[in-house]
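Dumped run_15.cif below, it's mmCIF, C-alpha atoms:
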data_target
loop_
_atom_site.label_atom_id
_atom_site.label_comp_id
_atom_site.auth_asym_id
_atom_site.auth_seq_id
_atom_site.Cartn_x
_atom_site.Cartn_y
_atom_site.Cartn_z
CA MET E 28 -29.72 30.61 -10.32
CA ALA E 29 -30.32 30.71 -14.07
CA ILE E 30 -28.44 28.22 -16.22
CA SER E 31 -25.94 30.05 -18.40
CA GLN E 32 -24.12 29.01 -21.56
CA LEU E 33 -22.15 25.79 -21.29
CA LYS E 34 -18.41 26.05 -20.80
CA LEU E 35 -16.09 23.24 -21.86
CA SER E 36 -12.79 22.75 -20.05
CA THR E 37 -10.30 19.92 -19.65
CA HIS E 38 -8.02 18.81 -16.84
CA THR E 39 -5.10 16.39 -17.03
CA PHE E 40 -3.85 14.17 -14.22
CA ASP E 41 -1.31 11.44 -13.65
CA LEU E 42 -2.93 8.58 -11.75
CA PRO E 43 -0.35 6.67 -9.65
CA LEU E 44 -1.02 2.94 -9.42
CA ARG E 45 -0.71 0.87 -6.28
CA HIS E 46 1.43 -1.63 -8.21
CA THR E 47 2.95 -1.89 -11.65
CA PHE E 48 0.10 -3.09 -13.86
CA THR E 49 1.17 -5.51 -16.58
CA ILE E 50 -0.84 -7.14 -19.34
CA SER E 51 0.40 -9.23 -22.26
CA ARG E 52 1.61 -6.20 -24.25
CA GLU E 53 2.67 -3.47 -21.78
CA SER E 54 3.31 -2.33 -18.19
CA THR E 55 2.12 0.82 -16.44
CA ASP E 56 3.08 2.56 -13.18
CA VAL E 57 1.39 5.93 -13.74
CA GLN E 58 -1.69 6.36 -15.94
CA PRO E 59 -2.24 9.78 -17.56
CA THR E 60 -5.91 10.68 -17.81
CA LEU E 61 -8.05 13.46 -19.26
CA ILE E 62 -11.06 14.86 -17.41
CA VAL E 63 -13.67 16.82 -19.34
CA GLU E 64 -15.73 19.35 -17.39
CA LEU E 65 -18.97 20.90 -18.62
CA HIS E 66 -20.15 23.82 -16.48
CA ASP E 67 -23.50 25.58 -16.82
CA GLY E 68 -22.95 28.33 -14.25
CA GLN E 69 -24.48 26.22 -11.47
CA HIS E 70 -23.39 22.60 -11.92
CA SER E 71 -20.36 20.83 -13.34
CA GLY E 72 -20.47 17.49 -15.09
CA TYR E 73 -17.36 15.34 -15.44
CA GLY E 74 -16.20 12.64 -17.83
CA GLU E 75 -12.94 10.75 -18.29
CA ALA E 76 -10.72 9.10 -20.86
CA THR E 77 -7.28 7.68 -20.13
CA THR E 78 -4.44 7.66 -22.62
CA ASN E 79 -3.84 4.38 -24.42
CA SER E 80 -0.88 3.49 -26.64
CA TYR E 81 -2.61 0.43 -28.16
CA TYR E 82 -5.33 2.69 -29.60
CA GLY E 83 -3.02 5.66 -30.22
CA MET E 84 -4.81 7.96 -27.79
CA THR E 85 -2.69 10.71 -26.23
CA LEU E 86 -3.67 13.69 -24.08
CA GLU E 87 -2.76 16.07 -26.90
CA LYS E 88 -4.85 14.20 -29.46
CA MET E 89 -7.89 14.17 -27.19
CA GLN E 90 -7.57 17.83 -26.24
CA LEU E 91 -7.19 18.93 -29.87
CA ALA E 92 -10.22 16.87 -30.82
CA LEU E 93 -12.33 18.45 -28.11
CA GLU E 94 -11.20 21.93 -29.07
CA SER E 95 -12.48 21.26 -32.61
CA VAL E 96 -16.04 20.82 -31.31
CA ARG E 97 -16.01 23.54 -28.65
CA ASP E 98 -18.51 25.74 -30.50
CA ILE E 99 -20.95 22.84 -30.93
CA VAL E 100 -20.69 21.88 -27.28
CA GLU E 101 -20.99 25.37 -25.85
CA GLY E 102 -23.97 26.09 -28.10
CA GLN E 103 -26.13 23.39 -26.52
CA HIS E 104 -29.20 24.74 -24.76
CA PRO E 105 -30.94 22.95 -23.23
CA LEU E 106 -28.47 20.10 -22.79
CA ASN E 107 -29.55 16.78 -24.30
CA PRO E 108 -26.70 14.23 -24.10
CA GLU E 109 -27.96 12.06 -26.96
CA GLN E 110 -28.41 15.06 -29.24
CA LEU E 111 -24.96 16.36 -28.33
CA TRP E 112 -23.42 12.97 -29.08
CA ALA E 113 -25.13 12.90 -32.48
CA GLU E 114 -23.76 16.35 -33.34
CA VAL E 115 -20.14 15.71 -32.30
CA SER E 116 -19.73 12.01 -33.12
CA GLY E 117 -18.89 12.80 -36.75
CA PRO E 118 -16.16 15.34 -36.04
CA LEU E 119 -14.80 13.10 -33.24
CA ARG E 120 -15.04 9.79 -35.14
CA ASP E 121 -11.24 9.39 -35.09
CA CYS E 122 -11.02 10.10 -31.36
CA PRO E 123 -13.64 8.00 -29.55
CA PHE E 124 -11.82 8.40 -26.23
CA ALA E 125 -12.42 12.17 -26.31
CA LEU E 126 -16.00 11.55 -27.41
CA CYS E 127 -16.46 9.25 -24.42
CA ALA E 128 -15.17 11.78 -21.91
CA LEU E 129 -17.46 14.46 -23.36
CA ASP E 130 -20.46 12.13 -23.38
CA GLN E 131 -19.89 11.10 -19.75
CA ALA E 132 -19.60 14.74 -18.72
CA ALA E 133 -22.83 15.57 -20.56
CA TYR E 134 -24.77 12.85 -18.75
CA ASP E 135 -23.32 13.81 -15.37
CA LEU E 136 -24.30 17.44 -15.91
CA TRP E 137 -27.71 16.51 -17.34
CA GLY E 138 -28.51 14.41 -14.28
CA LYS E 139 -27.41 17.20 -11.95
CA GLN E 140 -29.61 19.63 -13.86
CA GLN E 141 -32.56 17.24 -13.67
CA GLY E 142 -31.98 16.50 -9.99
CA ALA E 143 -31.63 12.72 -10.25
CA PRO E 144 -29.02 10.01 -10.91
CA VAL E 145 -28.59 9.12 -14.57
CA TYR E 146 -29.71 5.50 -14.12
CA GLN E 147 -33.00 6.71 -12.59
CA LEU E 148 -33.58 9.11 -15.46
CA TRP E 149 -33.13 6.10 -17.77
CA GLY E 150 -35.81 4.22 -15.79
CA LEU E 151 -33.41 1.62 -14.39
CA ASP E 152 -33.57 -0.12 -11.03
CA ASN E 153 -30.22 -0.61 -9.29
CA SER E 154 -31.48 -2.91 -6.54
CA LYS E 155 -29.89 -5.95 -8.25
CA THR E 156 -26.60 -5.41 -10.05
CA PRO E 157 -23.61 -7.65 -10.90
CA VAL E 158 -20.50 -7.54 -8.75
CA SER E 159 -17.18 -6.42 -10.14
CA ASN E 160 -13.98 -8.39 -10.33
CA PHE E 161 -10.62 -7.16 -9.02
CA THR E 162 -7.82 -7.38 -11.58
CA ILE E 163 -4.45 -9.01 -10.91
CA GLY E 164 -1.88 -7.90 -13.50
CA ILE E 165 0.87 -10.14 -14.86
CA ASP E 166 3.94 -10.55 -12.64
CA THR E 167 5.89 -13.35 -11.04
CA VAL E 168 3.70 -15.98 -9.42
CA GLU E 169 4.84 -14.83 -5.99
CA VAL E 170 3.94 -11.19 -6.64
CA MET E 171 0.56 -12.12 -8.13
CA VAL E 172 -0.22 -14.15 -5.02
CA SER E 173 0.82 -11.19 -2.87
CA LYS E 174 -1.45 -8.83 -4.85
CA LEU E 175 -4.38 -11.22 -4.37
CA ASN E 176 -3.71 -11.53 -0.65
CA GLU E 177 -3.76 -7.72 -0.29
CA VAL E 178 -7.46 -7.78 -1.27
CA PRO E 179 -8.56 -11.23 -0.04
CA ASP E 180 -12.28 -10.57 0.20
CA TRP E 181 -13.35 -9.90 -3.40
CA PRO E 182 -15.77 -12.50 -4.80
CA ILE E 183 -14.25 -12.44 -8.30
CA TYR E 184 -10.73 -11.85 -9.60
CA LYS E 185 -9.73 -11.16 -13.18
CA ILE E 186 -6.32 -12.67 -13.84
CA LYS E 187 -4.25 -11.18 -16.64
CA LEU E 188 -2.36 -13.88 -18.54
CA GLY E 189 -0.27 -14.24 -21.68
CA THR E 190 2.94 -15.72 -20.26
CA SER E 191 4.86 -18.97 -20.69
CA ASN E 192 3.47 -20.33 -17.41
CA ASP E 193 -0.19 -19.28 -17.41
CA LEU E 194 -1.64 -22.50 -16.03
CA GLU E 195 0.94 -22.57 -13.25
CA ILE E 196 -0.16 -19.07 -12.24
CA ILE E 197 -3.82 -20.07 -11.96
CA ARG E 198 -2.99 -23.28 -10.10
CA GLU E 199 -0.99 -21.34 -7.52
CA LEU E 200 -3.55 -18.55 -7.12
CA ARG E 201 -6.29 -21.15 -6.65
CA LYS E 202 -4.49 -22.38 -3.52
CA HIS E 203 -5.11 -18.99 -1.89
CA THR E 204 -8.80 -18.33 -2.57
CA SER E 205 -12.05 -20.05 -3.46
CA ALA E 206 -13.27 -16.94 -5.33
CA VAL E 207 -14.34 -17.09 -8.96
CA PHE E 208 -11.60 -16.35 -11.51
CA ARG E 209 -11.91 -14.69 -14.89
CA VAL E 210 -8.98 -14.96 -17.28
CA ASP E 211 -7.96 -12.21 -19.72
CA ALA E 212 -5.14 -13.06 -22.15
CA ASN E 213 -5.37 -9.73 -24.04
CA CYS E 214 -4.85 -11.39 -27.46
CA GLY E 215 -1.87 -13.37 -26.12
CA TRP E 216 -2.88 -16.95 -26.97
CA GLY E 217 -3.31 -19.08 -30.07
CA VAL E 218 -6.31 -21.19 -31.06
CA ASP E 219 -5.09 -24.60 -29.90
CA GLU E 220 -3.58 -23.08 -26.76
CA THR E 221 -6.91 -21.49 -25.86
CA ILE E 222 -8.90 -24.68 -26.38
CA ARG E 223 -6.36 -26.72 -24.42
CA ASN E 224 -6.14 -24.20 -21.56
CA SER E 225 -9.91 -23.86 -21.31
CA LYS E 226 -10.30 -27.46 -20.18
CA GLU E 227 -8.03 -27.20 -17.15
CA LEU E 228 -9.11 -23.66 -16.35
CA LYS E 229 -12.71 -24.80 -16.13
CA SER E 230 -11.70 -27.28 -13.44
CA LEU E 231 -10.00 -24.42 -11.57
CA ASN E 232 -13.27 -22.45 -11.27
CA VAL E 233 -12.60 -19.98 -14.08
CA GLU E 234 -15.84 -18.36 -15.22
CA PHE E 235 -14.86 -17.27 -18.73
CA LEU E 236 -11.95 -16.33 -21.00
CA GLU E 237 -11.68 -12.78 -22.27
CA GLN E 238 -10.16 -12.09 -25.71
CA PRO E 239 -7.63 -14.94 -25.90
CA LEU E 240 -6.85 -14.44 -29.62
CA ARG E 241 -5.78 -11.53 -31.80
CA ALA E 242 -8.66 -9.18 -32.46
CA ASP E 243 -8.78 -9.91 -36.21
CA ASP E 244 -8.49 -13.72 -36.02
CA TRP E 245 -12.15 -14.33 -36.88
CA ASP E 246 -11.60 -17.89 -38.13
CA GLY E 247 -9.79 -18.65 -34.92
CA HIS E 248 -12.56 -17.11 -32.82
CA LYS E 249 -15.11 -19.33 -34.51
CA LYS E 250 -13.03 -22.46 -33.87
CA VAL E 251 -12.51 -21.52 -30.24
CA LEU E 252 -16.23 -20.82 -29.82
CA ALA E 253 -17.00 -24.35 -31.04
CA HIS E 254 -14.44 -26.17 -28.91
CA SER E 255 -13.70 -24.14 -25.78
CA ALA E 256 -14.78 -25.60 -22.46
CA LEU E 257 -15.42 -22.06 -21.21
CA PRO E 258 -17.40 -19.07 -22.53
CA ILE E 259 -15.39 -16.57 -24.57
CA ILE E 260 -15.94 -12.82 -24.17
CA ALA E 261 -14.79 -10.34 -26.83
CA ASP E 262 -12.83 -7.24 -25.82
CA GLU E 263 -10.36 -6.01 -28.43
CA SER E 264 -12.65 -7.51 -31.10
CA CYS E 265 -15.55 -5.34 -29.91
CA ILE E 266 -14.68 -1.67 -30.24
CA GLN E 267 -17.53 0.15 -31.99
CA GLU E 268 -21.23 -0.41 -32.45
CA SER E 269 -20.97 -2.45 -35.65
CA ASP E 270 -18.62 -4.92 -33.94
CA VAL E 271 -21.38 -6.36 -31.76
CA ALA E 272 -23.08 -8.03 -34.73
CA ALA E 273 -19.70 -9.19 -36.03
CA CYS E 274 -19.01 -10.89 -32.68
CA HIS E 275 -22.21 -12.93 -32.96
CA GLY E 276 -21.21 -16.46 -33.96
CA HIS E 277 -17.63 -15.88 -32.78
CA PHE E 278 -18.04 -15.15 -29.06
CA HIS E 279 -20.46 -15.92 -26.25
CA GLY E 280 -20.50 -12.30 -25.14
CA VAL E 281 -18.98 -8.85 -25.51
CA ASN E 282 -17.07 -6.55 -23.18
CA ILE E 283 -18.02 -2.97 -24.01
CA LYS E 284 -15.48 -0.29 -23.07
CA LEU E 285 -16.89 3.21 -22.95
CA VAL E 286 -13.71 4.88 -24.17
CA LYS E 287 -13.46 2.59 -27.18
CA CYS E 288 -17.05 2.95 -28.37
CA GLY E 289 -17.40 6.66 -27.58
CA GLY E 290 -19.33 6.83 -24.33
CA LEU E 291 -22.59 5.92 -22.62
CA THR E 292 -24.79 6.82 -25.59
CA PRO E 293 -23.41 4.18 -28.00
CA ALA E 294 -22.81 1.71 -25.17
CA ARG E 295 -26.55 1.56 -24.44
CA ARG E 296 -27.26 0.83 -28.10
CA MET E 297 -24.57 -1.87 -28.13
CA ILE E 298 -26.15 -3.49 -25.09
CA ASP E 299 -29.53 -3.54 -26.85
CA VAL E 300 -28.04 -5.19 -29.96
CA ALA E 301 -26.16 -7.75 -27.89
CA ARG E 302 -29.38 -8.69 -26.08
CA GLU E 303 -31.20 -9.09 -29.39
CA LEU E 304 -28.44 -11.45 -30.57
CA GLY E 305 -28.39 -13.49 -27.37
CA LEU E 306 -24.91 -12.36 -26.35
CA LYS E 307 -23.85 -11.89 -22.74
CA VAL E 308 -23.03 -8.29 -21.88
CA MET E 309 -20.11 -6.97 -19.88
CA VAL E 310 -18.82 -3.46 -19.44
CA GLY E 311 -15.16 -3.03 -18.58
CA CYS E 312 -12.96 -0.18 -17.44
CA MET E 313 -9.48 1.07 -18.04
CA THR E 314 -7.17 1.92 -15.14
CA GLU E 315 -9.13 5.08 -14.49
CA SER E 316 -10.36 7.24 -11.66
CA THR E 317 -13.72 7.37 -9.94
CA VAL E 318 -14.91 9.73 -12.69
CA GLY E 319 -15.02 6.98 -15.31
CA ILE E 320 -16.09 4.31 -12.83
CA SER E 321 -19.11 6.38 -11.77
CA ALA E 322 -20.24 6.58 -15.40
CA ILE E 323 -20.06 2.78 -15.71
CA ALA E 324 -22.16 2.49 -12.55
CA GLN E 325 -25.13 4.01 -14.40
CA LEU E 326 -25.18 0.99 -16.74
CA LEU E 327 -24.95 -1.70 -14.05
CA PRO E 328 -28.63 -2.76 -14.06
CA LEU E 329 -28.29 -3.67 -17.76
CA LEU E 330 -25.27 -5.98 -17.40
CA ASP E 331 -24.43 -9.64 -16.84
CA TYR E 332 -20.81 -8.93 -15.84
CA VAL E 333 -18.81 -5.85 -14.96
CA ASP E 334 -15.16 -4.93 -14.52
CA MET E 335 -15.15 -1.58 -12.72
CA ASP E 336 -12.15 -1.88 -10.41
CA GLY E 337 -10.04 0.81 -12.11
CA ALA E 338 -10.11 3.26 -9.22
CA ALA E 339 -9.41 0.45 -6.74
CA LEU E 340 -6.07 -0.11 -8.49
CA LEU E 341 -4.94 3.48 -7.84
CA ALA E 342 -2.65 4.69 -5.08
CA GLN E 343 -4.51 8.02 -5.10
CA ASP E 344 -7.84 9.03 -6.62
CA ILE E 345 -8.87 12.43 -7.99
CA ALA E 346 -12.64 12.35 -7.46
CA THR E 347 -15.52 11.15 -5.34
CA GLY E 348 -18.50 9.26 -6.69
CA ALA E 349 -19.37 5.60 -7.00
CA ILE E 350 -17.22 3.34 -4.82
CA VAL E 351 -16.59 -0.35 -5.46
CA GLU E 352 -16.04 -2.27 -2.22
CA ARG E 353 -15.44 -6.03 -2.35
CA GLY E 354 -16.97 -6.02 -5.79
CA VAL E 355 -20.16 -4.21 -4.77
CA CYS E 356 -20.92 -0.76 -6.19
CA ARG E 357 -21.91 1.81 -3.59
CA TYR E 358 -23.76 4.57 -5.40
CA PRO E 359 -23.11 8.19 -4.39
CA LYS E 360 -25.85 10.39 -2.97
CA GLY E 361 -25.39 13.02 -5.65
CA ASN E 362 -27.24 13.39 -8.92
CA GLY E 363 -25.98 12.70 -12.43
CA SER E 364 -23.12 10.24 -12.08
CA GLY E 365 -22.48 11.74 -8.65
CA VAL E 366 -18.93 12.86 -9.49
CA GLU E 367 -17.05 15.68 -7.77
CA LEU E 368 -13.36 16.40 -8.33
CA ILE E 369 -11.19 16.44 -5.21
CA ALA E 370 -7.86 17.05 -6.95
CA PRO E 371 -6.60 20.61 -7.32
#

In structure tokens, what does this structure look like?
Amino acid sequence: MAISQLKLSTHTFDLPLRHTFTISRESTDVQPTLIVELHDGQHSGYGEATTNSYYGMTLEKMQLALESVRDIVEGQHPLNPEQLWAEVSGPLRDCPFALCALDQAAYDLWGKQQGAPVYQLWGLDNSKTPVSNFTIGIDTVEVMVSKLNEVPDWPIYKIKLGTSNDLEIIRELRKHTSAVFRVDANCGWGVDETIRNSKELKSLNVEFLEQPLRADDWDGHKKVLAHSALPIIADESCIQESDVAACHGHFHGVNIKLVKCGGLTPARRMIDVARELGLKVMVGCMTESTVGISAIAQLLPLLDYVDMDGAALLAQDIATGAIVERGVCRYPKGNGSGVELIAP
């Protein structure tokens, strides 16, 4: 079958969560998400971006942004994801979430056209990849323990903190598992609090602290870097490509989120810069479906750490693709990112 002109379409879904998911600034029970589909007459490629109030990303904003580049997208022939990203990144500079979903869809379709998984087309070997954590959102201590006990066999748990009893939470959770903990305060701590907490958390087998301070507290980040007993990983302080260099000297590593930076194309460049600067590299997810998780899977061989449990937090998924079981990514048999929608 001959490949015809690309067609861009979008689909919206509400992703129900298994439990209310709470971080230091908000709670979520149902996560709206946008799926971008690129169809060439034979194959469909899929990409995803969830809504996010912190970054001002709504379904309407993302759909309007994508509509503005429809002619550019549908005029691509042959499809080259990096070239497409270069052409639309300017018009979509104010909507990186939409850019991410489009970029993911382009790579998924490109891989399906080429007849191979994306990571193979990049020349990567997935025989040794980091394991993912499972995230426990903020709640009462009793509920957080219950959430952990529902999935007792993950090797790493990310614990969301930013409460008045954070150390008590970790002490209690530690009684129920010997697994490694990661702590994410989502900008909820101060400088002295972070340094003080790091000392006890290290003794409780916490691997690192993710974004304890406000994103723009660069003086505070530098002080924490010098005095923390644990490594510090940037999240909200590392949004776009230029932020990686800014994080050098303020953090031990960076957590790259595809939706924030604009997709796989810039994420690969950010990983390269981080390596050059000696920073540890993590890629994280939102509470998203298997569509977005399968895109992250293509980057796994390049990473030190990964947080790709988004689909595992859902009560119902909308796609098949990469599966994360007990922290281990099981790659799909399909090409591209291996994504197929199962929702109507």

May I have a table of the residues of region 92-188 of chain E lying at most 10 Å from region 28-43 of chain E, giving each one's closest pair of atoms and their distance in Å to one decimal, counting only C-alpha atoms, ordered by chain and ascending residue number, as a Markdown table?
| residue | atom | partner | partner_atom | distance |
| --- | --- | --- | --- | --- |
| E:Leu93 | CA | E:Leu35 | CA | 8.7 |
| E:Glu94 | CA | E:Leu35 | CA | 8.8 |
| E:Val96 | CA | E:Leu35 | CA | 9.8 |
| E:Arg97 | CA | E:Leu35 | CA | 6.8 |
| E:Asp98 | CA | E:Leu35 | CA | 9.3 |
| E:Val100 | CA | E:Leu35 | CA | 7.2 |
| E:Glu101 | CA | E:Leu33 | CA | 4.7 |
| E:Gly102 | CA | E:Leu33 | CA | 7.1 |
| E:Gln103 | CA | E:Leu33 | CA | 7.0 |
| E:His104 | CA | E:Gln32 | CA | 7.4 |
| E:Pro105 | CA | E:Ile30 | CA | 9.1 |
| E:Leu106 | CA | E:Leu33 | CA | 8.6 |
| E:Ala128 | CA | E:Thr37 | CA | 9.8 |
| E:Leu129 | CA | E:Leu35 | CA | 9.0 |
| E:Ala132 | CA | E:Leu35 | CA | 9.7 |
| E:Gln140 | CA | E:Ile30 | CA | 9.0 |

Emit the selected residues as a PDB file, in the frame of the given file, including C-alpha atoms.
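What ended up in part.pdb:
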ATOM      1  CA  LEU E  93     -12.330  18.450 -28.110  1.00  0.00           C
ATOM      2  CA  GLU E  94     -11.200  21.930 -29.070  1.00  0.00           C
ATOM      3  CA  VAL E  96     -16.040  20.820 -31.310  1.00  0.00           C
ATOM      4  CA  ARG E  97     -16.010  23.540 -28.650  1.00  0.00           C
ATOM      5  CA  ASP E  98     -18.510  25.740 -30.500  1.00  0.00           C
ATOM      6  CA  VAL E 100     -20.690  21.880 -27.280  1.00  0.00           C
ATOM      7  CA  GLU E 101     -20.990  25.370 -25.850  1.00  0.00           C
ATOM      8  CA  GLY E 102     -23.970  26.090 -28.100  1.00  0.00           C
ATOM      9  CA  GLN E 103     -26.130  23.390 -26.520  1.00  0.00           C
ATOM     10  CA  HIS E 104     -29.200  24.740 -24.760  1.00  0.00           C
ATOM     11  CA  PRO E 105     -30.940  22.950 -23.230  1.00  0.00           C
ATOM     12  CA  LEU E 106     -28.470  20.100 -22.790  1.00  0.00           C
ATOM     13  CA  ALA E 128     -15.170  11.780 -21.910  1.00  0.00           C
ATOM     14  CA  LEU E 129     -17.460  14.460 -23.360  1.00  0.00           C
ATOM     15  CA  ALA E 132     -19.600  14.740 -18.720  1.00  0.00           C
ATOM     16  CA  GLN E 140     -29.610  19.630 -13.860  1.00  0.00           C
TER      17      GLN E 140
END

Exercise for the section: Using all atoms listed in the file, find the one residue out of E:Ser54, E:Ser316, E:Ser95, E:Gln131 that sits nearest to Pro118 (chain E). Expected result: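 The answer is E:Ser95, which sits nearest to Pro118 (chain E).
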
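With only C-alpha atoms as the atoms that count, the residue of E:Ala301, E:Ala256, E:Ala272, E:Met335 with the shortest distance to Arg357 (chain E) is E:Met335.
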
Problem - Point-to-point distance from CA of Asn232 (chain E) to CA of Lys185 (chain E), Å rounded to tenths - result: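 Distance reported for this atom pair: 12.0 Å.
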
Handout entry: Of the listed residues E:Arg198, E:Lys360, E:Tyr134, E:Pro258, that which approaches Leu65 (chain E) most closely, counting only C-alpha atoms
Key = E:Tyr134

Practice task
State, in Å with one decimal place, the distance from CA of Leu194 (chain E) to CA of Val251 (chain E).
Solution key: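 Answer for the CA of Leu194 (chain E) to CA of Val251 (chain E) separation: 17.9 Å.
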
Problem - Closest of E:Glu109, E:Glu114, E:Glu75, E:Glu268 to Gln90 (chain E) - atom-to-atom distances counting all atoms listed in the file - result: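 Using all atoms listed in the file, the shortest distance to Gln90 (chain E) belongs to E:Glu75.
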
Here's a test: counting all atoms listed in the file, identify every protein, DNA and RNA residue with an atom at most 10 Å from (-8.2, 14.9, -27.4) in the file's coordinate frame, and state them as an mmCIF file with C-alpha atoms, in the frame of the given file.
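File out_5.cif, as written:
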data_model
loop_
_atom_site.group_PDB
_atom_site.id
_atom_site.type_symbol
_atom_site.label_atom_id
_atom_site.label_comp_id
_atom_site.auth_asym_id
_atom_site.auth_seq_id
_atom_site.Cartn_x
_atom_site.Cartn_y
_atom_site.Cartn_z
ATOM 1 C CA THR E 37 -10.300 19.920 -19.650
ATOM 2 C CA LEU E 61 -8.050 13.460 -19.260
ATOM 3 C CA VAL E 63 -13.670 16.820 -19.340
ATOM 4 C CA ALA E 76 -10.720 9.100 -20.860
ATOM 5 C CA THR E 78 -4.440 7.660 -22.620
ATOM 6 C CA MET E 84 -4.810 7.960 -27.790
ATOM 7 C CA THR E 85 -2.690 10.710 -26.230
ATOM 8 C CA LEU E 86 -3.670 13.690 -24.080
ATOM 9 C CA GLU E 87 -2.760 16.070 -26.900
ATOM 10 C CA LYS E 88 -4.850 14.200 -29.460
ATOM 11 C CA MET E 89 -7.890 14.170 -27.190
ATOM 12 C CA GLN E 90 -7.570 17.830 -26.240
ATOM 13 C CA LEU E 91 -7.190 18.930 -29.870
ATOM 14 C CA ALA E 92 -10.220 16.870 -30.820
ATOM 15 C CA LEU E 93 -12.330 18.450 -28.110
ATOM 16 C CA GLU E 94 -11.200 21.930 -29.070
ATOM 17 C CA SER E 95 -12.480 21.260 -32.610
ATOM 18 C CA LEU E 119 -14.800 13.100 -33.240
ATOM 19 C CA ASP E 121 -11.240 9.390 -35.090
ATOM 20 C CA CYS E 122 -11.020 10.100 -31.360
ATOM 21 C CA PRO E 123 -13.640 8.000 -29.550
ATOM 22 C CA PHE E 124 -11.820 8.400 -26.230
ATOM 23 C CA ALA E 125 -12.420 12.170 -26.310
ATOM 24 C CA LEU E 126 -16.000 11.550 -27.410
ATOM 25 C CA ALA E 128 -15.170 11.780 -21.910
#

Exercise for the section: Select all residues near (-28.2, 12.5, -30.4) (cut-off 12 Å, inclusive, file coordinates), counting all atoms listed in the file, and output them as a PyMOL selection string. Expected result: chain E and resi 103+106-117+130+133+291-293+296

Step by step, work through what the PyMOL selection byres ((chain E and resi 337) around 6) selects in the shown file, and finish by giving those residues as a short mmCIF file (atom, residue, chain, number, x, y, z; two decimals) with C-alpha atoms, in the frame of the given file.
data_model
loop_
_atom_site.label_atom_id
_atom_site.label_comp_id
_atom_site.auth_asym_id
_atom_site.auth_seq_id
_atom_site.Cartn_x
_atom_site.Cartn_y
_atom_site.Cartn_z
CA MET E 313 -9.48 1.07 -18.04
CA THR E 314 -7.17 1.92 -15.14
CA GLU E 315 -9.13 5.08 -14.49
CA MET E 335 -15.15 -1.58 -12.72
CA ASP E 336 -12.15 -1.88 -10.41
CA ALA E 338 -10.11 3.26 -9.22
CA ALA E 339 -9.41 0.45 -6.74
CA LEU E 340 -6.07 -0.11 -8.49
#

Problem - Nearest candidate to Gly74 (chain E) (options E:Pro328, E:Gly311, E:Pro359, E:Gly289; using all atoms listed in the file) - result: E:Gly289

Problem - Expected selection from the PyMOL selection byres ((chain E and resi 175-181) around 10), given as a PyMOL selection string - result: chain E and resi 158-163+170-174+182-184+186+200+203-204+206-207+352-355

Handout entry: Target residues per the PyMOL selection byres ((chain E and resi 189) around 6), formatted as a ChimeraX atom specification
Key = /E:51,188,190,212,215

Handout entry: Atomic separation - CA of Arg295 (chain E) relative to CA of Cys127 (chain E), Å
Key = 12.7 Å

Practice task
Might you pull out every residue within 9 Å of Val168 (chain E), with all atoms listed in the file counted and same-chain residues fewer than 6 positions away left off, and present them as a PyMOL selection string?
Solution key: chain E and resi 195-197+199-200

Store the residues of this selection in a file with C-alpha atoms, as a PDB file, in the frame of the given file.
ATOM      1  CA  GLU E 195       0.940 -22.570 -13.250  1.00  0.00           C
ATOM      2  CA  ILE E 196      -0.160 -19.070 -12.240  1.00  0.00           C
ATOM      3  CA  ILE E 197      -3.820 -20.070 -11.960  1.00  0.00           C
ATOM      4  CA  GLU E 199      -0.990 -21.340  -7.520  1.00  0.00           C
ATOM      5  CA  LEU E 200      -3.550 -18.550  -7.120  1.00  0.00           C
TER       6      LEU E 200
END

With N, CA and C atoms as the goal, would you fill in the gaps in region 200-208 of chain E and present it as a PDB file, in the frame of the given file?
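Saved to selection.pdb:
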ATOM      1  N   LEU E 200      -2.578 -19.488  -7.675  1.00  0.00           N
ATOM      2  CA  LEU E 200      -3.550 -18.550  -7.120  1.00  0.00           C
ATOM      3  C   LEU E 200      -4.745 -19.280  -6.521  1.00  0.00           C
ATOM      4  N   ARG E 201      -5.147 -20.385  -7.139  1.00  0.00           N
ATOM      5  CA  ARG E 201      -6.290 -21.150  -6.650  1.00  0.00           C
ATOM      6  C   ARG E 201      -6.054 -21.684  -5.244  1.00  0.00           C
ATOM      7  N   LYS E 202      -4.809 -21.887  -4.860  1.00  0.00           N
ATOM      8  CA  LYS E 202      -4.490 -22.380  -3.520  1.00  0.00           C
ATOM      9  C   LYS E 202      -4.819 -21.345  -2.443  1.00  0.00           C
ATOM     10  N   HIS E 203      -4.984 -20.087  -2.854  1.00  0.00           N
ATOM     11  CA  HIS E 203      -5.110 -18.990  -1.890  1.00  0.00           C
ATOM     12  C   HIS E 203      -6.514 -18.410  -1.791  1.00  0.00           C
ATOM     13  N   THR E 204      -7.437 -18.866  -2.626  1.00  0.00           N
ATOM     14  CA  THR E 204      -8.800 -18.330  -2.570  1.00  0.00           C
ATOM     15  C   THR E 204      -9.762 -19.297  -3.257  1.00  0.00           C
ATOM     16  N   SER E 205     -10.995 -19.279  -2.804  1.00  0.00           N
ATOM     17  CA  SER E 205     -12.050 -20.050  -3.460  1.00  0.00           C
ATOM     18  C   SER E 205     -12.898 -19.159  -4.368  1.00  0.00           C
ATOM     19  N   ALA E 206     -12.510 -17.880  -4.509  1.00  0.00           N
ATOM     20  CA  ALA E 206     -13.270 -16.940  -5.330  1.00  0.00           C
ATOM     21  C   ALA E 206     -13.281 -17.357  -6.797  1.00  0.00           C
ATOM     22  N   VAL E 207     -14.251 -16.858  -7.515  1.00  0.00           N
ATOM     23  CA  VAL E 207     -14.340 -17.090  -8.960  1.00  0.00           C
ATOM     24  C   VAL E 207     -13.195 -16.359  -9.656  1.00  0.00           C
ATOM     25  N   PHE E 208     -12.616 -16.992 -10.680  1.00  0.00           N
ATOM     26  CA  PHE E 208     -11.600 -16.350 -11.510  1.00  0.00           C
ATOM     27  C   PHE E 208     -12.177 -16.064 -12.891  1.00  0.00           C
TER      28      PHE E 208
END
